[in-house]
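Okay, structure37.cif is below, mmCIF, C-alpha atoms:
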```
data_start
#
loop_
_atom_site.group_PDB
_atom_site.id
_atom_site.type_symbol
_atom_site.label_atom_id
_atom_site.label_comp_id
_atom_site.auth_asym_id
_atom_site.auth_seq_id
_atom_site.Cartn_x
_atom_site.Cartn_y
_atom_site.Cartn_z
ATOM 1 C CA MET A 1 -38.630 -67.228 -37.364
ATOM 2 C CA ARG A 2 -40.716 -64.090 -36.886
ATOM 3 C CA LYS A 3 -44.460 -64.177 -37.323
ATOM 4 C CA ALA A 4 -46.082 -62.258 -40.157
ATOM 5 C CA LYS A 5 -47.672 -59.590 -37.900
ATOM 6 C CA PHE A 6 -44.633 -57.356 -38.464
ATOM 7 C CA THR A 7 -44.598 -55.335 -41.683
ATOM 8 C CA VAL A 8 -40.826 -54.774 -41.671
ATOM 9 C CA THR A 9 -38.806 -57.541 -43.322
ATOM 10 C CA VAL A 10 -35.594 -58.259 -41.393
ATOM 11 C CA THR A 11 -32.752 -59.929 -43.286
ATOM 12 C CA ALA A 12 -29.590 -61.195 -41.603
ATOM 13 C CA ILE A 13 -26.558 -60.758 -43.853
ATOM 14 C CA ILE A 14 -23.549 -62.713 -42.649
ATOM 15 C CA GLN A 15 -20.235 -61.610 -44.096
ATOM 16 C CA ALA A 16 -17.769 -64.472 -44.554
ATOM 17 C CA ARG A 17 -14.680 -65.267 -46.578
ATOM 18 C CA MET A 18 -11.907 -67.837 -46.663
ATOM 19 C CA ASN A 19 -9.010 -65.413 -47.120
ATOM 20 C CA SER A 20 -8.913 -64.138 -43.541
ATOM 21 C CA THR A 21 -5.645 -62.384 -42.679
ATOM 22 C CA ARG A 22 -5.092 -63.849 -39.217
ATOM 23 C CA LEU A 23 -6.743 -67.260 -39.582
ATOM 24 C CA PRO A 24 -7.240 -68.266 -43.231
ATOM 25 C CA GLY A 25 -10.077 -70.701 -43.891
ATOM 26 C CA LYS A 26 -11.722 -70.161 -40.508
ATOM 27 C CA SER A 27 -15.265 -69.989 -41.931
ATOM 28 C CA LEU A 28 -15.133 -73.675 -42.889
ATOM 29 C CA MET A 29 -13.101 -74.998 -39.979
ATOM 30 C CA ASP A 30 -14.844 -77.853 -38.204
ATOM 31 C CA LEU A 31 -16.342 -76.957 -34.843
ATOM 32 C CA ALA A 32 -18.447 -79.518 -33.012
ATOM 33 C CA GLY A 33 -19.183 -81.374 -36.236
ATOM 34 C CA LYS A 34 -20.062 -78.544 -38.615
ATOM 35 C CA PRO A 35 -18.359 -75.587 -40.316
ATOM 36 C CA VAL A 36 -17.941 -72.466 -38.181
ATOM 37 C CA VAL A 37 -20.092 -70.381 -40.530
ATOM 38 C CA MET A 38 -23.009 -72.797 -40.171
ATOM 39 C CA HIS A 39 -23.159 -72.209 -36.422
ATOM 40 C CA LEU A 40 -24.044 -68.582 -37.074
ATOM 41 C CA VAL A 41 -26.372 -69.418 -39.968
ATOM 42 C CA ASP A 42 -28.328 -71.766 -37.697
ATOM 43 C CA ARG A 43 -28.373 -69.264 -34.837
ATOM 44 C CA ALA A 44 -29.606 -66.463 -37.078
ATOM 45 C CA LYS A 45 -32.359 -68.747 -38.382
ATOM 46 C CA ALA A 46 -33.317 -69.489 -34.769
ATOM 47 C CA ALA A 47 -33.855 -65.793 -33.988
ATOM 48 C CA ARG A 48 -37.608 -65.200 -33.926
ATOM 49 C CA LEU A 49 -37.364 -61.711 -35.487
ATOM 50 C CA ILE A 50 -35.182 -62.636 -38.475
ATOM 51 C CA ASP A 51 -37.104 -63.458 -41.650
ATOM 52 C CA LYS A 52 -34.294 -64.588 -43.948
ATOM 53 C CA VAL A 53 -30.557 -65.290 -43.808
ATOM 54 C CA ILE A 54 -28.012 -64.590 -46.559
ATOM 55 C CA VAL A 55 -24.259 -65.177 -46.520
ATOM 56 C CA ALA A 56 -22.346 -62.468 -48.390
ATOM 57 C CA THR A 57 -18.929 -63.651 -49.497
ATOM 58 C CA SER A 58 -16.427 -62.397 -52.067
ATOM 59 C CA THR A 59 -15.809 -63.116 -55.723
ATOM 60 C CA SER A 60 -12.293 -64.370 -54.886
ATOM 61 C CA ILE A 61 -11.574 -67.869 -56.179
ATOM 62 C CA GLU A 62 -10.779 -68.908 -52.606
ATOM 63 C CA ASP A 63 -14.454 -68.448 -51.759
ATOM 64 C CA ASP A 64 -15.706 -70.867 -54.431
ATOM 65 C CA ILE A 65 -15.563 -73.696 -51.890
ATOM 66 C CA LEU A 66 -17.435 -71.602 -49.313
ATOM 67 C CA GLU A 67 -20.226 -70.860 -51.789
ATOM 68 C CA GLY A 68 -20.455 -74.533 -52.768
ATOM 69 C CA ILE A 69 -20.719 -75.841 -49.221
ATOM 70 C CA LEU A 70 -23.303 -73.221 -48.249
ATOM 71 C CA LYS A 71 -25.463 -73.959 -51.293
ATOM 72 C CA GLU A 72 -25.290 -77.686 -50.514
ATOM 73 C CA ARG A 73 -26.945 -76.719 -47.214
ATOM 74 C CA ASP A 74 -29.585 -74.564 -48.928
ATOM 75 C CA VAL A 75 -28.115 -71.297 -47.656
ATOM 76 C CA ALA A 76 -28.633 -68.212 -49.845
ATOM 77 C CA VAL A 77 -25.301 -66.766 -51.005
ATOM 78 C CA PHE A 78 -24.248 -63.536 -52.689
ATOM 79 C CA ARG A 79 -20.732 -62.779 -53.922
ATOM 80 C CA GLY A 80 -19.293 -59.279 -54.171
ATOM 81 C CA SER A 81 -16.185 -57.226 -53.515
ATOM 82 C CA GLU A 82 -13.609 -58.762 -51.189
ATOM 83 C CA GLU A 83 -12.348 -55.477 -49.710
ATOM 84 C CA ASP A 84 -15.306 -53.127 -50.206
ATOM 85 C CA VAL A 85 -17.669 -54.906 -47.841
ATOM 86 C CA LEU A 86 -20.144 -52.005 -47.762
ATOM 87 C CA SER A 87 -20.696 -52.406 -51.502
ATOM 88 C CA ARG A 88 -21.013 -56.174 -50.976
ATOM 89 C CA TYR A 89 -23.880 -55.533 -48.553
ATOM 90 C CA ALA A 90 -25.519 -53.002 -50.859
ATOM 91 C CA GLU A 91 -25.311 -55.342 -53.855
ATOM 92 C CA THR A 92 -26.653 -58.222 -51.759
ATOM 93 C CA ILE A 93 -29.670 -56.080 -50.899
ATOM 94 C CA LEU A 94 -30.259 -54.901 -54.455
ATOM 95 C CA THR A 95 -29.897 -58.425 -55.856
ATOM 96 C CA LEU A 96 -31.598 -60.680 -53.308
ATOM 97 C CA ILE A 97 -34.056 -58.496 -51.408
ATOM 98 C CA PRO A 98 -37.205 -57.621 -53.388
ATOM 99 C CA GLU A 99 -37.741 -53.917 -54.049
ATOM 100 C CA GLU A 100 -41.014 -53.869 -52.124
ATOM 101 C CA GLU A 101 -39.172 -55.023 -48.975
ATOM 102 C CA ARG A 102 -36.445 -52.372 -49.106
ATOM 103 C CA GLU A 103 -38.447 -49.247 -48.265
ATOM 104 C CA ALA A 104 -39.079 -50.230 -44.636
ATOM 105 C CA GLY A 105 -36.743 -53.215 -44.452
ATOM 106 C CA ALA A 106 -33.781 -53.761 -42.159
ATOM 107 C CA VAL A 107 -30.528 -55.676 -42.309
ATOM 108 C CA VAL A 108 -28.852 -57.378 -39.371
ATOM 109 C CA ARG A 109 -25.102 -57.250 -39.953
ATOM 110 C CA LEU A 110 -23.341 -60.370 -38.653
ATOM 111 C CA THR A 111 -19.856 -61.833 -39.079
ATOM 112 C CA ALA A 112 -19.231 -65.549 -39.556
ATOM 113 C CA ASP A 113 -16.555 -65.736 -36.870
ATOM 114 C CA ASP A 114 -19.071 -65.540 -33.971
ATOM 115 C CA PRO A 115 -20.336 -69.131 -33.514
ATOM 116 C CA LEU A 116 -21.757 -68.444 -30.036
ATOM 117 C CA LYS A 117 -23.923 -65.439 -30.924
ATOM 118 C CA ASP A 118 -27.157 -65.856 -28.996
ATOM 119 C CA PRO A 119 -30.432 -65.595 -30.972
ATOM 120 C CA ALA A 120 -31.978 -63.834 -27.962
ATOM 121 C CA ILE A 121 -29.258 -61.161 -28.085
ATOM 122 C CA MET A 122 -29.900 -60.620 -31.790
ATOM 123 C CA ASP A 123 -33.638 -60.403 -31.130
ATOM 124 C CA ALA A 124 -33.144 -57.776 -28.407
ATOM 125 C CA ALA A 125 -31.447 -55.406 -30.855
ATOM 126 C CA ILE A 126 -33.998 -56.107 -33.583
ATOM 127 C CA ASP A 127 -36.887 -55.625 -31.172
ATOM 128 C CA THR A 128 -35.571 -52.180 -30.234
ATOM 129 C CA PHE A 129 -35.292 -51.284 -33.918
ATOM 130 C CA LEU A 130 -38.864 -52.465 -34.593
ATOM 131 C CA ALA A 131 -40.514 -51.216 -31.405
ATOM 132 C CA ASP A 132 -41.320 -47.773 -32.795
ATOM 133 C CA SER A 133 -41.201 -48.200 -36.559
ATOM 134 C CA GLY A 134 -39.126 -45.491 -38.203
ATOM 135 C CA GLN A 135 -37.568 -44.127 -34.999
ATOM 136 C CA TRP A 136 -34.082 -45.525 -35.643
ATOM 137 C CA ASP A 137 -31.822 -45.906 -38.672
ATOM 138 C CA TYR A 138 -29.238 -47.901 -36.735
ATOM 139 C CA VAL A 139 -29.369 -49.934 -33.528
ATOM 140 C CA CYS A 140 -26.429 -51.788 -32.007
ATOM 141 C CA ASN A 141 -25.429 -53.323 -28.681
ATOM 142 C CA ASN A 142 -21.699 -52.602 -28.577
ATOM 143 C CA GLN A 143 -20.941 -48.890 -28.375
ATOM 144 C CA PRO A 144 -19.372 -48.916 -25.882
ATOM 145 C CA PRO A 145 -18.875 -52.680 -25.454
ATOM 146 C CA TRP A 146 -20.546 -54.419 -22.511
ATOM 147 C CA LEU A 147 -21.374 -57.879 -23.879
ATOM 148 C CA PRO A 148 -18.822 -60.617 -24.612
ATOM 149 C CA GLU A 149 -17.032 -59.909 -27.882
ATOM 150 C CA GLY A 150 -18.853 -62.084 -30.388
ATOM 151 C CA GLN A 151 -22.330 -61.022 -29.220
ATOM 152 C CA ASP A 152 -22.155 -57.792 -31.239
ATOM 153 C CA THR A 153 -25.291 -57.137 -33.302
ATOM 154 C CA GLU A 154 -26.051 -54.233 -35.620
ATOM 155 C CA VAL A 155 -29.477 -53.545 -37.151
ATOM 156 C CA VAL A 156 -29.533 -51.068 -40.027
ATOM 157 C CA ALA A 157 -32.389 -49.631 -42.048
ATOM 158 C CA ILE A 158 -31.897 -50.686 -45.662
ATOM 159 C CA LYS A 159 -32.398 -47.097 -46.821
ATOM 160 C CA ALA A 160 -29.619 -45.928 -44.485
ATOM 161 C CA LEU A 161 -27.197 -48.602 -45.621
ATOM 162 C CA LEU A 162 -27.824 -47.886 -49.294
ATOM 163 C CA ALA A 163 -27.389 -44.157 -48.640
ATOM 164 C CA ALA A 164 -24.056 -44.802 -46.901
ATOM 165 C CA ASN A 165 -22.913 -46.872 -49.860
ATOM 166 C CA GLU A 166 -23.619 -43.947 -52.189
ATOM 167 C CA VAL A 167 -21.540 -41.356 -50.318
ATOM 168 C CA SER A 168 -18.907 -43.062 -48.150
ATOM 169 C CA ALA A 169 -15.418 -42.543 -49.585
ATOM 170 C CA SER A 170 -13.256 -43.879 -46.750
ATOM 171 C CA SER A 171 -11.682 -47.299 -47.282
ATOM 172 C CA TYR A 172 -12.022 -47.903 -43.531
ATOM 173 C CA GLU A 173 -15.747 -47.172 -43.602
ATOM 174 C CA ARG A 174 -16.257 -49.331 -46.668
ATOM 175 C CA GLU A 175 -14.368 -52.262 -45.149
ATOM 176 C CA HIS A 176 -16.322 -52.136 -41.867
ATOM 177 C CA VAL A 177 -19.747 -51.374 -43.422
ATOM 178 C CA THR A 178 -21.441 -49.251 -40.741
ATOM 179 C CA PRO A 179 -18.969 -46.554 -39.473
ATOM 180 C CA TYR A 180 -20.254 -43.930 -41.924
ATOM 181 C CA ILE A 181 -23.702 -44.318 -40.396
ATOM 182 C CA TYR A 182 -22.827 -44.074 -36.703
ATOM 183 C CA ASN A 183 -20.154 -41.414 -37.297
ATOM 184 C CA ASN A 184 -22.735 -39.110 -38.903
ATOM 185 C CA PRO A 185 -25.484 -38.758 -36.271
ATOM 186 C CA GLU A 186 -26.739 -35.573 -37.934
ATOM 187 C CA GLN A 187 -27.829 -37.742 -40.881
ATOM 188 C CA PHE A 188 -28.799 -40.994 -39.158
ATOM 189 C CA ARG A 189 -30.692 -41.702 -35.954
ATOM 190 C CA CYS A 190 -28.503 -44.074 -33.956
ATOM 191 C CA HIS A 191 -29.074 -45.951 -30.718
ATOM 192 C CA SER A 192 -26.935 -48.360 -28.668
ATOM 193 C CA LEU A 193 -28.394 -50.804 -26.156
ATOM 194 C CA GLN A 194 -26.635 -50.922 -22.800
ATOM 195 C CA GLY A 195 -26.720 -53.433 -19.952
ATOM 196 C CA THR A 196 -26.109 -53.153 -16.229
ATOM 197 C CA VAL A 197 -23.329 -55.777 -16.054
ATOM 198 C CA ASN A 198 -20.075 -55.358 -17.961
ATOM 199 C CA LEU A 199 -19.176 -58.648 -19.680
ATOM 200 C CA SER A 200 -16.854 -57.133 -22.284
ATOM 201 C CA ALA A 201 -13.752 -58.869 -20.900
ATOM 202 C CA TYR A 202 -14.985 -62.149 -22.404
ATOM 203 C CA ARG A 203 -13.735 -62.942 -25.909
ATOM 204 C CA TRP A 204 -16.020 -65.206 -27.984
ATOM 205 C CA THR A 205 -14.896 -64.516 -31.546
ATOM 206 C CA LEU A 206 -12.653 -66.501 -33.893
ATOM 207 C CA ASP A 207 -9.489 -64.821 -35.165
ATOM 208 C CA THR A 208 -6.661 -67.037 -33.919
ATOM 209 C CA ASN A 209 -5.833 -70.642 -33.093
ATOM 210 C CA MET A 210 -6.170 -69.701 -29.425
ATOM 211 C CA ASP A 211 -9.758 -68.674 -30.108
ATOM 212 C CA MET A 212 -10.426 -72.016 -31.786
ATOM 213 C CA ALA A 213 -9.049 -73.827 -28.735
ATOM 214 C CA PHE A 214 -11.493 -71.813 -26.630
ATOM 215 C CA PHE A 215 -14.491 -72.681 -28.809
ATOM 216 C CA LYS A 216 -13.631 -76.370 -28.918
ATOM 217 C CA ALA A 217 -13.374 -76.422 -25.133
ATOM 218 C CA VAL A 218 -16.739 -74.689 -24.768
ATOM 219 C CA PHE A 219 -18.601 -76.932 -27.199
ATOM 220 C CA ALA A 220 -17.070 -80.033 -25.612
ATOM 221 C CA HIS A 221 -19.144 -79.233 -22.512
ATOM 222 C CA PHE A 222 -22.394 -79.142 -24.485
ATOM 223 C CA PRO A 223 -22.403 -82.448 -26.397
ATOM 224 C CA ASN A 224 -26.215 -82.594 -26.404
ATOM 225 C CA GLU A 225 -26.860 -78.865 -26.842
ATOM 226 C CA PRO A 226 -26.101 -77.639 -30.387
ATOM 227 C CA MET A 227 -26.904 -74.021 -29.528
ATOM 228 C CA PRO A 228 -25.863 -73.129 -25.952
ATOM 229 C CA SER A 229 -27.145 -69.723 -24.868
ATOM 230 C CA MET A 230 -25.004 -66.848 -23.639
ATOM 231 C CA GLU A 231 -26.145 -67.548 -20.077
ATOM 232 C CA GLN A 232 -25.189 -71.224 -20.346
ATOM 233 C CA VAL A 233 -21.715 -70.312 -21.608
ATOM 234 C CA LEU A 234 -21.250 -67.662 -18.915
ATOM 235 C CA ASP A 235 -22.188 -70.217 -16.272
ATOM 236 C CA LEU A 236 -19.658 -72.686 -17.724
ATOM 237 C CA LEU A 237 -16.875 -70.098 -17.736
ATOM 238 C CA LYS A 238 -17.581 -69.079 -14.149
ATOM 239 C CA ARG A 239 -17.169 -72.712 -13.131
ATOM 240 C CA LYS A 240 -14.183 -73.304 -15.416
ATOM 241 C CA PRO A 241 -12.230 -70.039 -15.794
ATOM 242 C CA GLU A 242 -9.372 -71.974 -17.346
ATOM 243 C CA ILE A 243 -11.411 -72.120 -20.564
ATOM 244 C CA SER A 244 -11.534 -68.312 -20.796
ATOM 245 C CA ALA A 245 -7.786 -68.272 -20.190
ATOM 246 C CA LEU A 246 -7.236 -70.131 -23.470
ATOM 247 C CA ASN A 247 -7.671 -66.925 -25.491
ATOM 248 C CA SER A 248 -7.587 -64.201 -22.831
ATOM 249 C CA GLN A 249 -4.354 -62.744 -24.217
ATOM 250 C CA VAL A 250 -5.961 -61.953 -27.577
ATOM 251 C CA GLY A 251 -6.979 -58.282 -27.602
ATOM 252 C CA ARG A 252 -10.464 -57.021 -28.334
ATOM 253 C CA SER A 253 -11.109 -55.303 -31.643
ATOM 254 C CA ALA A 254 -10.724 -51.518 -31.440
ATOM 255 C CA LEU A 255 -13.620 -50.955 -33.849
ATOM 256 C CA TYR A 256 -16.378 -50.578 -31.260
ATOM 257 C CA ARG A 257 -14.674 -48.999 -28.280
ATOM 258 C CA THR A 258 -16.320 -45.584 -28.527
ATOM 259 C CA GLU A 259 -19.811 -44.524 -27.593
ATOM 260 C CA ILE A 260 -22.337 -43.317 -30.129
ATOM 261 C CA GLY A 261 -24.957 -40.703 -29.526
ATOM 262 C CA ASN A 262 -28.534 -41.866 -29.149
ATOM 263 C CA ASN A 263 -30.249 -39.302 -31.368
#
```

Entire entry expressed as structure tokens:
Amino acid sequence: MRKAKFTVTVTAIIQARMNSTRLPGKSLMDLAGKPVVMHLVDRAKAARLIDKVIVATSTSIEDDILEGILKERDVAVFRGSEEDVLSRYAETILTLIPEEEREAGAVVRLTADDPLKDPAIMDAAIDTFLADSGQWDYVCNNQPPWLPEGQDTEVVAIKALLAANEVSASSYEREHVTPYIYNNPEQFRCHSLQGTVNLSAYRWTLDTNMDMAFFKAVFAHFPNEPMPSMEQVLDLLKRKPEISALNSQVGRSALYRTEIGNN
């Protein structure tokens, strides 16, 4: 966890639900001895620049079990709209983040289907957001993609996210939370981190049974390491490319294929 020298409170909000279209129930599927969602909860808690972690799920009856299991593990939970995920984030903020933390606060948007997301990757995006306080409203690391899918991280100023919730009318924008912000660079200052090596061909996100086969194969090689880093997984896949082949035919999400302007 981050030390108190920073004045900006950073809250990770993990969106999760049981009623996934392509792989229902994936958030609670067992992976290496614990539910998929808990891998990301634990990784977010391990990030040194994240102060608190909240799981935002829906009010659907199917998510009762998800809420119960998370609360048994002392994870903060908020329940909101199933389809309007932007409003779910906004209501999570207004309900669980104290008013005094909202003015300069930031949210890290995460999705529960990324059980290999590296705390160091999350910290890199947060560090850029915090480096010059107030410079950015939105920082990401995936526009255009260069990291393995599943390492995507978005850091959003709370004020920007609440403003987007007030004016966004598109169902697409409301489902995917942040498009209104990065599609309106005249209103919001946006920045995307870029690397020198393109790793975007790797797929490390859970949407299909093929993806689950991939994750099980990866974790089987780290029986004594509950949180393998991105570099450790890359090294494994270079030695054993047959593991990557398990889900290589599943296409990457089209959501983050375009480049944003760094205003």

For A:Gln135: contacts at 12 Å, all atoms listed in the file, fewer than 4 positions along chain excluded, given as a list of chain:residue names: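 In the requested format, the answer is A:Ala104, A:Thr128, A:Phe129, A:Leu130, A:Ala131, A:Val139, A:Val156, A:Ala157, A:Phe188, A:Arg189, A:Cys190, A:His191, A:Asn262, A:Asn263.
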
Given the selection you just returned, output its residues as a file containing C-alpha atoms, formatted as a CSV table (one decimal), in the coordinates of the input.
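Dumped to result_36.csv:
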```
chain,number,residue,atom,x,y,z
A,104,ALA,CA,-39.1,-50.2,-44.6
A,128,THR,CA,-35.6,-52.2,-30.2
A,129,PHE,CA,-35.3,-51.3,-33.9
A,130,LEU,CA,-38.9,-52.5,-34.6
A,131,ALA,CA,-40.5,-51.2,-31.4
A,139,VAL,CA,-29.4,-49.9,-33.5
A,156,VAL,CA,-29.5,-51.1,-40.0
A,157,ALA,CA,-32.4,-49.6,-42.0
A,188,PHE,CA,-28.8,-41.0,-39.2
A,189,ARG,CA,-30.7,-41.7,-36.0
A,190,CYS,CA,-28.5,-44.1,-34.0
A,191,HIS,CA,-29.1,-46.0,-30.7
A,262,ASN,CA,-28.5,-41.9,-29.1
A,263,ASN,CA,-30.2,-39.3,-31.4
```

One decimal, in Å: what's the spacing between atom CA of A:Pro223 and atom CA of A:Gly25?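 Computing it gives 24.4 Å between the two atoms.
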
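Closest to A:Tyr202 among A:Phe219, A:Trp146, A:Tyr172, A:Tyr180 is A:Trp146, based on only C-alpha atoms.
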
So that I can see what lies close to A:Leu66, please list as a ChimeraX atom specification the residues with an atom at most 8 Å from it, counting all atoms listed in the file and leaving out residues fewer than 2 positions away in the same chain. /A:17-18,27-28,62-64,68-70

One residue among A:Ser229, A:Thr205, A:Asn141, A:Thr21 is nearest to A:Pro115 when using all atoms listed in the file, and that residue is A:Thr205

Do you have, as CSV, the list of residues of stretch 50-141 of chain A lying at most 12 Å from stretch 232-238 of chain A, each with its nearest atom pair and that distance in Å to one decimal, counting all atoms listed in the file and ordered by chain then number?
```
residue,atom,partner,partner_atom,distance
A:Leu116,CA,A:Val233,CA,8.6
A:Lys117,CA,A:Val233,CA,10.7
A:Asp118,CA,A:Val233,CA,10.2
```

Decode the PyMOL selection byres ((chain A and resi 13) around 12) for the given file into explicit residues and return them as a PyMOL selection string. chain A and resi 10-12+14-16+40-41+44-45+50-57+75-79+85-86+88-93+96-97+106-112+153-156+158+177

Polymer residues at most 9 Å from A:Leu147, all atoms listed in the file, same-chain spacing of 4 or more positions, as a PyMOL selection string: chain A and resi 141-142+151-152+194-195+197-202

For C-alpha atoms, I'd like the residues from the last selection saved as a PDB file, in the frame of the given file.
```pdb
ATOM      1  CA  ASN A 141     -25.429 -53.323 -28.681  1.00  0.00           C
ATOM      2  CA  ASN A 142     -21.699 -52.602 -28.577  1.00  0.00           C
ATOM      3  CA  GLN A 151     -22.330 -61.022 -29.220  1.00  0.00           C
ATOM      4  CA  ASP A 152     -22.155 -57.792 -31.239  1.00  0.00           C
ATOM      5  CA  GLN A 194     -26.635 -50.922 -22.800  1.00  0.00           C
ATOM      6  CA  GLY A 195     -26.720 -53.433 -19.952  1.00  0.00           C
ATOM      7  CA  VAL A 197     -23.329 -55.777 -16.054  1.00  0.00           C
ATOM      8  CA  ASN A 198     -20.075 -55.358 -17.961  1.00  0.00           C
ATOM      9  CA  LEU A 199     -19.176 -58.648 -19.680  1.00  0.00           C
ATOM     10  CA  SER A 200     -16.854 -57.133 -22.284  1.00  0.00           C
ATOM     11  CA  ALA A 201     -13.752 -58.869 -20.900  1.00  0.00           C
ATOM     12  CA  TYR A 202     -14.985 -62.149 -22.404  1.00  0.00           C
TER      13      TYR A 202
END
```

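Taking atom CA of A:Arg48 and atom CA of A:Pro119 as endpoints, the distance between them is 7.8 Å.
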
As an exercise, work out the distance from atom CA of A:His39 to atom CA of A:Phe222 in Å and give it to one decimal place.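 Those two atoms sit 13.8 Å apart.
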